[in-house]
Amino acid sequence: MNDPTRDFNEVIRTIRKDDPRYARGAYYFLRQALDYSLKELHKRGELDQSNHLSGKQLLEGIRLYAIDQYGPMARPVLEHWGIHECRDFGNIVFNLVECKVLGKTDQDSVEDFSKGYLFKAAFDQPFRPERVKPTTKKPRMG
């Protein structure tokens, strides 16, 4: 009997021998974020039968999943795994493509992930309190 978890562990081990930039957790997170993205896009009817996500769709799903899972700690967690920009997600995706864990079309490239979002805005902004403008009250004379 084939254990898919064991197989994925082996794939990650193999990838990290050649490319140690990203922690093991980054690969597990990306796989879960991909499942999350597919589910969300299916719910909204924004995915065709091929189940293929564009880099842009996956990046948005990753952002939402990270915020859902880690809240204001999303960026520090990703950075702990070696992920500092959207291109890093592309590198992880294409490492998995090379190992035949993920598929790609002829139009897909790692460059699709270079035009993503800035991490600070994407992961910190949702948790910043809105700035309240100070009001200047005139002293009451009584």
# chains A, B, ... in the order shown; residues from 1 in each chain; ligands from 1
$ residues_around --residues "A:Glu60" --least-positions-apart "2" --cutoff "12 Å" --atoms "only C-alpha atoms" --output "list in words"
Ala33, Leu34, Tyr36, Ser37, Leu38, Glu40, Leu41, Leu53, Ser54, Gly55, Lys56, Gln57, Leu58, Ile62, Arg63, Leu64, Tyr65, Ala66, Ile67, Cys86, Phe89, Phe113, Lys115, Gly116, Tyr117, Leu118, Phe119, Ala122 and Phe123 of chain A
$ write_last_selection --atoms "C-alpha atoms" --output "CSV table (one decimal), in the first residue's frame"
chain,number,residue,atom,x,y,z
A,33,ALA,CA,-3.0,26.5,0.5
A,34,LEU,CA,-3.4,24.9,-2.9
A,36,TYR,CA,-7.8,25.7,0.2
A,37,SER,CA,-7.6,27.8,-3.1
A,38,LEU,CA,-9.2,25.0,-5.2
A,40,GLU,CA,-12.7,28.4,-2.5
A,41,LEU,CA,-12.6,28.9,-6.3
A,53,LEU,CA,-4.9,27.7,-11.0
A,54,SER,CA,-3.0,30.6,-12.4
A,55,GLY,CA,-0.1,31.9,-10.4
A,56,LYS,CA,-2.2,35.0,-9.6
A,57,GLN,CA,-5.1,32.8,-8.3
A,58,LEU,CA,-2.8,30.6,-6.2
A,62,ILE,CA,-2.1,31.5,-0.3
A,63,ARG,CA,-2.6,35.0,1.1
A,64,LEU,CA,-6.1,34.2,2.4
A,65,TYR,CA,-5.1,30.8,3.7
A,66,ALA,CA,-2.0,32.2,5.6
A,67,ILE,CA,-4.2,34.9,7.2
A,86,CYS,CA,5.8,36.0,-3.9
A,89,PHE,CA,6.1,30.6,-3.7
A,113,PHE,CA,4.7,34.7,-9.2
A,115,LYS,CA,4.1,40.1,-10.1
A,116,GLY,CA,2.3,39.3,-6.8
A,117,TYR,CA,1.9,41.4,-3.7
A,118,LEU,CA,4.2,43.0,-1.2
A,119,PHE,CA,4.3,40.9,1.9
A,122,ALA,CA,-0.7,41.6,2.1
A,123,PHE,CA,-0.1,40.1,5.6
$ atom_distance --atom1 "atom CA of A:Ala121" --atom2 "atom CA of A:Arg75"
10.1 Å
$ closest_atom_pairs --of "stretch 48-94 of chain A" --to "stretch 11-30 of chain A" --cutoff "7 Å" --atoms "only C-alpha atoms" --output "CSV"
residue,atom,partner,partner_atom,distance
A:Trp81,CA,A:Ala23,CA,4.8
A:Gly82,CA,A:Tyr22,CA,4.9
A:Ile83,CA,A:Tyr22,CA,6.9
A:Ile92,CA,A:Tyr27,CA,6.9
$ write_last_selection --atoms "C-alpha atoms" --output "compact mmCIF listing (two decimals), in the first residue's frame"
# COMPACT_ATOMS: atom_id res chain seq x y z
CA TRP A 81 10.29 29.10 6.42
CA GLY A 82 12.42 31.20 4.05
CA ILE A 83 9.52 32.78 2.15
CA ILE A 92 8.41 26.12 -4.32
$ atom_distance --atom1 "atom CA of A:Asp108" --atom2 "atom CA of A:Phe94"
9.6 Å
$ residues_around --residues "stretch 127-129 of chain A" --least-positions-apart "6" --cutoff "12 Å" --atoms "only C-alpha atoms" --output "list of chain:residue names"
A:Ile67, A:Asp68, A:Tyr70, A:Gly71, A:Pro72, A:Met73, A:Ala74, A:Arg75, A:Lys120, A:Ala121
$ closest_residue --among "A:Cys99, A:Leu47, A:Leu59, A:Gln107" --to "A:Arg87" --atoms "only C-alpha atoms"
A:Leu59
$ select_by_dssp --residues "chain A" --states "helix (DSSP H, G or I)" --output "number ranges by chain"
A: 4-18, 24-43, 55-80, 86-98, 110-113, 119-127
$ atom_distance --atom1 "atom CA of A:Lys104" --atom2 "atom CA of A:His52"
7.9 Å
$ closest_residue --among "A:Thr105, A:Val97, A:Glu111, A:Pro126" --to "A:Arg31" --atoms "only C-alpha atoms"
A:Val97
$ closest_residue --among "A:Lys100, A:Val77, A:Gly61, A:Glu10" --to "A:Asp35" --atoms "only C-alpha atoms"
A:Gly61
